[in-house]
Structure formats: structure tokens, C-alpha cells
Amino acid sequence: MKPGMGWPIGVGVILGVTVIANLIVMRVANNDPSFAIEPDYYQKAVTFDSTIAEARRSATLGWTATATIVADDPAGPPTVTVTLLDATRQPVAGATVSVSALANARANDVLTATLHETAPGQYQAPLAARFVGQWEVRVDAVRRDTLGATQHFIGSTRTDVARGTRAPQGTTTP
């Protein structure tokens, strides 16, 4: 090696190490499951007025939803249970219910499920809930009333999940 070539080689090594370190940091930052961005946020902003109108229609129904998640039940797989009640506190039977659930600590991992009715007003489905802690459950329920009109309810509830025990039921915010 020629005398004086150590400096250019050293600068090249330092730049190379810096580039590799930056690539590693970018990869770690982009794969963090606790960091989340709302999908289609721009489209949601554009249609915000219709979203608010839909929330108002849900509120006029007077329905409430409570959710329970059992993450580790020895009797079976993890499950989510949603109970729907109408304005008179009677069960809302015969609805098509789907949920999106996310652990607050892992907000990038959104789990979805279509629930089936197990009792009047009670809907249940398996849900791959692996984390304990607080969860947000977004409920979307559709039912035809006795006159044939479609009733559409959207709401959000939070529930605490503990291993092997039924979580306390959350309350709905339509």
C-alpha cells in the first residue's frame, strides 16, 4: 500500500459503516409492530362528513356493544365475544357482526373476524389474540328490522385482556 492511502481507506470504511448502520436502523423502524398509521387516512379525511353522518345514525339506534376477549382459554382457541343491546337494553338478534381488533401495544397488527350468533344478542368468533393488555374492538353490525329496513351500527369499545381469564367488558362509544 502506498504511503498516505490510510486516510482515504479510513474515510471509505467510516462512510460504509454509517450507511450499513442507517440501513439497519431504517429496517428496525419500519418493522415495529407497536407503531401504526391509519390505513387510507387520506380517503377517510375526504369522506369525513359521511363518516360522521354514519356515526350519528348509529347513535340514533341507541345500540350498545360490549366486547370480551379471552386470549388463552384452556377450553379452546382465543375468542372474541360481542354483546349487542338495543336502546331498551334488549338483545339485538339476527345481526351480521364483524370486528376489527387491535392490541393498543401492537396497533399495527389489526385482527378481523366475522362473528356468529351464539345466543340472542351475543356473537362470537375465534380471534388470534396473543397479547395481554388493553384492546380496541371496532364493531360493525347490520340487521334488517321487522319492516325490512336496514339498521347499521358502528361502534368502538375497549377491553382488557388477561391470560386465561375473561376480561371485563368494555363500553361502547358509537
# chains A, B, ... in the order shown; residues from 1 in each chain; ligands from 1
$ select_by_dssp --residues "chain A" --states "strand (DSSP E or B)" --output "number ranges by chain"
A: 64-70, 73, 76, 79-85, 91, 96-103, 110-119, 122-126, 133-144, 150-162, 165, 172-173
$ residues_around --residues "segment 125-130 of chain A" --least-positions-apart "4" --cutoff "7 Å" --atoms "only C-alpha atoms" --output "ChimeraX atom specification"
/A:71,77-81,113-116
$ residues_around --residues "Pro39 of chain A" --least-positions-apart "4" --cutoff "10 Å" --atoms "only C-alpha atoms" --output "list in words"
Gln43, Lys44 and Asn108 of chain A
$ write_last_selection --atoms "N, CA and C atoms" --output "CSV table (one decimal), in the first residue's frame"
chain,number,residue,atom,x,y,z
A,43,GLN,N,-58.2,9.1,2.3
A,43,GLN,CA,-59.6,8.8,1.9
A,43,GLN,C,-60.6,9.0,3.0
A,44,LYS,N,-60.2,8.6,4.2
A,44,LYS,CA,-61.1,8.8,5.4
A,44,LYS,C,-61.3,10.3,5.6
A,108,ASN,N,-50.3,-2.0,15.0
A,108,ASN,CA,-50.1,-2.2,13.6
A,108,ASN,C,-50.6,-3.6,13.2
$ residues_around --residues "His152 of chain A" --least-positions-apart "3" --cutoff "12 Å" --atoms "only C-alpha atoms" --output "PyMOL selection string"
chain A and resi 53-63+92+95-98+139-145+149+155+174
$ select_by_dssp --residues "segment 2-173 of chain A" --states "alpha helix (DSSP H)" --output "ChimeraX atom specification"
/A:6-30,41-46,48-61
$ write_last_selection --atoms "N, CA and C atoms" --output "compact mmCIF listing (two decimals), in the first residue's frame"
# COMPACT_ATOMS: atom_id res chain seq x y z
N GLY A 6 -3.95 5.44 3.86
CA GLY A 6 -4.73 5.07 5.04
C GLY A 6 -5.92 5.98 5.26
N TRP A 7 -5.74 7.29 5.03
CA TRP A 7 -6.83 8.24 5.23
C TRP A 7 -7.99 8.00 4.27
N PRO A 8 -7.77 7.86 2.99
CA PRO A 8 -8.91 7.61 2.10
C PRO A 8 -9.62 6.29 2.41
N ILE A 9 -8.82 5.27 2.75
CA ILE A 9 -9.44 3.98 3.09
C ILE A 9 -10.24 4.12 4.38
N GLY A 10 -9.70 4.82 5.38
CA GLY A 10 -10.41 5.04 6.64
C GLY A 10 -11.71 5.80 6.44
N VAL A 11 -11.69 6.84 5.62
CA VAL A 11 -12.91 7.60 5.34
C VAL A 11 -13.93 6.71 4.64
N GLY A 12 -13.49 5.89 3.69
CA GLY A 12 -14.38 4.97 2.99
C GLY A 12 -15.00 3.96 3.94
N VAL A 13 -14.21 3.42 4.88
CA VAL A 13 -14.73 2.45 5.86
C VAL A 13 -15.76 3.12 6.76
N ILE A 14 -15.45 4.34 7.22
CA ILE A 14 -16.40 5.05 8.09
C ILE A 14 -17.70 5.33 7.35
N LEU A 15 -17.64 5.76 6.10
CA LEU A 15 -18.86 6.00 5.32
C LEU A 15 -19.64 4.70 5.11
N GLY A 16 -18.93 3.62 4.83
CA GLY A 16 -19.59 2.33 4.63
C GLY A 16 -20.29 1.85 5.90
N VAL A 17 -19.64 1.98 7.05
CA VAL A 17 -20.25 1.60 8.33
C VAL A 17 -21.46 2.46 8.61
N THR A 18 -21.39 3.76 8.31
CA THR A 18 -22.52 4.66 8.52
C THR A 18 -23.71 4.27 7.65
N VAL A 19 -23.47 3.95 6.40
CA VAL A 19 -24.55 3.53 5.51
C VAL A 19 -25.19 2.24 6.02
N ILE A 20 -24.39 1.26 6.42
CA ILE A 20 -24.92 -0.01 6.93
C ILE A 20 -25.72 0.23 8.21
N ALA A 21 -25.21 1.05 9.11
CA ALA A 21 -25.94 1.34 10.35
C ALA A 21 -27.27 2.02 10.06
N ASN A 22 -27.30 2.96 9.10
CA ASN A 22 -28.55 3.62 8.74
C ASN A 22 -29.55 2.64 8.15
N LEU A 23 -29.10 1.71 7.32
CA LEU A 23 -30.00 0.70 6.76
C LEU A 23 -30.58 -0.18 7.85
N ILE A 24 -29.77 -0.56 8.82
CA ILE A 24 -30.26 -1.38 9.94
C ILE A 24 -31.30 -0.61 10.75
N VAL A 25 -31.03 0.65 11.05
CA VAL A 25 -31.97 1.47 11.83
C VAL A 25 -33.28 1.65 11.06
N MET A 26 -33.22 1.89 9.74
CA MET A 26 -34.44 2.03 8.94
C MET A 26 -35.25 0.74 8.94
N ARG A 27 -34.59 -0.39 8.84
CA ARG A 27 -35.30 -1.68 8.84
C ARG A 27 -36.00 -1.91 10.18
N VAL A 28 -35.32 -1.64 11.27
CA VAL A 28 -35.93 -1.81 12.59
C VAL A 28 -37.11 -0.86 12.76
N ALA A 29 -36.94 0.39 12.34
CA ALA A 29 -38.01 1.38 12.49
C ALA A 29 -39.24 1.02 11.65
N ASN A 30 -39.06 0.45 10.48
CA ASN A 30 -40.19 0.11 9.61
C ASN A 30 -40.87 -1.20 9.98
N TYR A 41 -55.80 6.91 5.31
CA TYR A 41 -56.15 8.09 6.10
C TYR A 41 -56.61 9.25 5.22
N TYR A 42 -56.05 9.38 4.02
CA TYR A 42 -56.45 10.49 3.16
C TYR A 42 -57.90 10.28 2.70
N GLN A 43 -58.24 9.07 2.29
CA GLN A 43 -59.61 8.78 1.85
C GLN A 43 -60.59 8.98 3.01
N LYS A 44 -60.19 8.62 4.22
CA LYS A 44 -61.06 8.84 5.38
C LYS A 44 -61.26 10.32 5.63
N ALA A 45 -60.23 11.13 5.40
CA ALA A 45 -60.37 12.57 5.57
C ALA A 45 -61.31 13.15 4.52
N VAL A 46 -61.22 12.66 3.29
CA VAL A 46 -62.08 13.15 2.21
C VAL A 46 -63.55 12.82 2.50
N PHE A 48 -64.92 12.35 5.46
CA PHE A 48 -65.17 12.56 6.89
C PHE A 48 -66.63 12.91 7.18
N ASP A 49 -67.25 13.72 6.36
CA ASP A 49 -68.64 14.11 6.59
C ASP A 49 -69.57 12.90 6.57
N SER A 50 -69.36 11.99 5.62
CA SER A 50 -70.22 10.80 5.58
C SER A 50 -69.92 9.86 6.75
N THR A 51 -68.66 9.84 7.21
CA THR A 51 -68.31 9.03 8.39
C THR A 51 -69.03 9.56 9.63
N ILE A 52 -69.05 10.88 9.78
CA ILE A 52 -69.74 11.48 10.92
C ILE A 52 -71.24 11.23 10.83
N ALA A 53 -71.81 11.32 9.63
CA ALA A 53 -73.24 11.05 9.45
C ALA A 53 -73.56 9.60 9.81
N GLU A 54 -72.69 8.69 9.41
CA GLU A 54 -72.89 7.27 9.74
C GLU A 54 -72.82 7.05 11.26
N ALA A 55 -71.90 7.72 11.92
CA ALA A 55 -71.79 7.61 13.38
C ALA A 55 -73.03 8.17 14.06
N ARG A 56 -73.59 9.24 13.52
CA ARG A 56 -74.82 9.81 14.08
C ARG A 56 -76.00 8.85 13.91
N ARG A 57 -76.09 8.21 12.72
CA ARG A 57 -77.15 7.23 12.50
C ARG A 57 -77.02 6.06 13.49
N SER A 58 -75.78 5.65 13.76
CA SER A 58 -75.55 4.57 14.73
C SER A 58 -76.00 5.01 16.12
N ALA A 59 -75.69 6.25 16.47
CA ALA A 59 -76.06 6.76 17.79
C ALA A 59 -77.58 6.83 17.96
N THR A 60 -78.31 7.16 16.87
CA THR A 60 -79.77 7.25 16.97
C THR A 60 -80.41 5.88 17.17
N LEU A 61 -79.72 4.82 16.76
CA LEU A 61 -80.24 3.47 17.02
C LEU A 61 -80.29 3.19 18.52
$ closest_residue --among "A:Glu136, A:Ser156, A:Thr112, A:Phe35" --to "Ser100 of chain A" --atoms "only C-alpha atoms"
A:Thr112
$ atom_distance --atom1 "atom CA of Val137 of chain A" --atom2 "atom CA of Asp32 of chain A"
21.1 Å
$ closest_residue --among "A:Thr118, A:Leu85, A:Ile69, A:Ser34" --to "Ala105 of chain A" --atoms "only C-alpha atoms"
A:Ser34
$ residues_around --residues "Leu84 of chain A" --least-positions-apart "5" --cutoff "10 Å" --atoms "only C-alpha atoms" --output "list in words"
Trp63, Thr64, Ala65, Thr66, Ala67, Arg89, Gln90, Pro91, Val92, Ala93, Ala95, Val97, Pro120, Gly121, Gln122, Tyr123, Val139, Ala141, Phe153 and Thr172 of chain A
$ write_last_selection --atoms "N, CA and C atoms" --output "mmCIF file, in the first residue's frame"
data_model
loop_
_atom_site.group_PDB
_atom_site.id
_atom_site.type_symbol
_atom_site.label_atom_id
_atom_site.label_comp_id
_atom_site.auth_asym_id
_atom_site.auth_seq_id
_atom_site.Cartn_x
_atom_site.Cartn_y
_atom_site.Cartn_z
ATOM 1 N N TRP A 63 -78.052 1.526 20.150
ATOM 2 C CA TRP A 63 -77.426 0.238 20.452
ATOM 3 C C TRP A 63 -76.139 0.444 21.239
ATOM 4 N N THR A 64 -75.800 -0.551 22.026
ATOM 5 C CA THR A 64 -74.513 -0.574 22.712
ATOM 6 C C THR A 64 -73.857 -1.925 22.450
ATOM 7 N N ALA A 65 -72.556 -1.905 22.406
ATOM 8 C CA ALA A 65 -71.789 -3.132 22.199
ATOM 9 C C ALA A 65 -70.760 -3.254 23.308
ATOM 10 N N THR A 66 -70.636 -4.456 23.841
ATOM 11 C CA THR A 66 -69.575 -4.747 24.796
ATOM 12 C C THR A 66 -68.781 -5.921 24.233
ATOM 13 N N ALA A 67 -67.491 -5.896 24.477
ATOM 14 C CA ALA A 67 -66.621 -6.941 23.935
ATOM 15 C C ALA A 67 -65.844 -7.604 25.056
ATOM 16 N N ARG A 89 -82.340 -1.967 26.107
ATOM 17 C CA ARG A 89 -81.467 -2.949 26.762
ATOM 18 C C ARG A 89 -81.863 -4.399 26.453
ATOM 19 N N GLN A 90 -82.540 -4.592 25.312
ATOM 20 C CA GLN A 90 -82.893 -5.932 24.852
ATOM 21 C C GLN A 90 -81.835 -6.400 23.859
ATOM 22 N N PRO A 91 -81.579 -7.713 23.784
ATOM 23 C CA PRO A 91 -80.568 -8.217 22.845
ATOM 24 C C PRO A 91 -80.938 -7.919 21.392
ATOM 25 N N VAL A 92 -79.933 -7.575 20.600
ATOM 26 C CA VAL A 92 -80.106 -7.352 19.167
ATOM 27 C C VAL A 92 -79.794 -8.681 18.489
ATOM 28 N N ALA A 93 -80.834 -9.397 18.108
ATOM 29 C CA ALA A 93 -80.658 -10.717 17.496
ATOM 30 C C ALA A 93 -80.722 -10.619 15.983
ATOM 31 N N ALA A 95 -78.295 -10.193 13.701
ATOM 32 C CA ALA A 95 -77.426 -9.230 13.009
ATOM 33 C C ALA A 95 -76.225 -9.943 12.393
ATOM 34 N N VAL A 97 -72.417 -9.466 12.223
ATOM 35 C CA VAL A 97 -71.454 -8.704 13.016
ATOM 36 C C VAL A 97 -70.032 -9.047 12.590
ATOM 37 N N PRO A 120 -79.186 -14.992 21.671
ATOM 38 C CA PRO A 120 -79.755 -13.723 21.220
ATOM 39 C C PRO A 120 -78.907 -12.531 21.678
ATOM 40 N N GLY A 121 -78.407 -11.781 20.724
ATOM 41 C CA GLY A 121 -77.604 -10.607 21.013
ATOM 42 C C GLY A 121 -76.145 -10.878 21.344
ATOM 43 N N GLN A 122 -75.736 -12.139 21.338
ATOM 44 C CA GLN A 122 -74.347 -12.473 21.657
ATOM 45 C C GLN A 122 -73.690 -13.129 20.443
ATOM 46 N N TYR A 123 -72.551 -12.572 20.037
ATOM 47 C CA TYR A 123 -71.853 -13.002 18.829
ATOM 48 C C TYR A 123 -70.418 -13.358 19.197
ATOM 49 N N VAL A 139 -66.638 -2.492 16.164
ATOM 50 C CA VAL A 139 -67.777 -3.357 15.843
ATOM 51 C C VAL A 139 -68.554 -2.769 14.668
ATOM 52 N N ALA A 141 -72.113 -3.828 12.780
ATOM 53 C CA ALA A 141 -73.264 -4.736 12.802
ATOM 54 C C ALA A 141 -74.357 -4.228 11.870
ATOM 55 N N PHE A 153 -75.009 -0.392 12.521
ATOM 56 C CA PHE A 153 -74.379 0.126 13.731
ATOM 57 C C PHE A 153 -72.868 0.004 13.614
ATOM 58 N N THR A 172 -69.255 0.810 24.900
ATOM 59 C CA THR A 172 -69.258 1.256 23.513
ATOM 60 C C THR A 172 -69.217 2.762 23.411
#
$ closest_residue --among "A:Arg106, A:Val82, A:Pro3, A:Val99" --to "Val70 of chain A" --atoms "only C-alpha atoms"
A:Val82
$ closest_residue --among "A:Leu102, A:Gln134, A:Thr83, A:Ala107" --to "Ala119 of chain A" --atoms "only C-alpha atoms"
A:Thr83
$ closest_residue --among "A:Gln124, A:Asn31, A:Thr159, A:Thr47" --to "Ala103 of chain A" --atoms "only C-alpha atoms"
A:Thr159
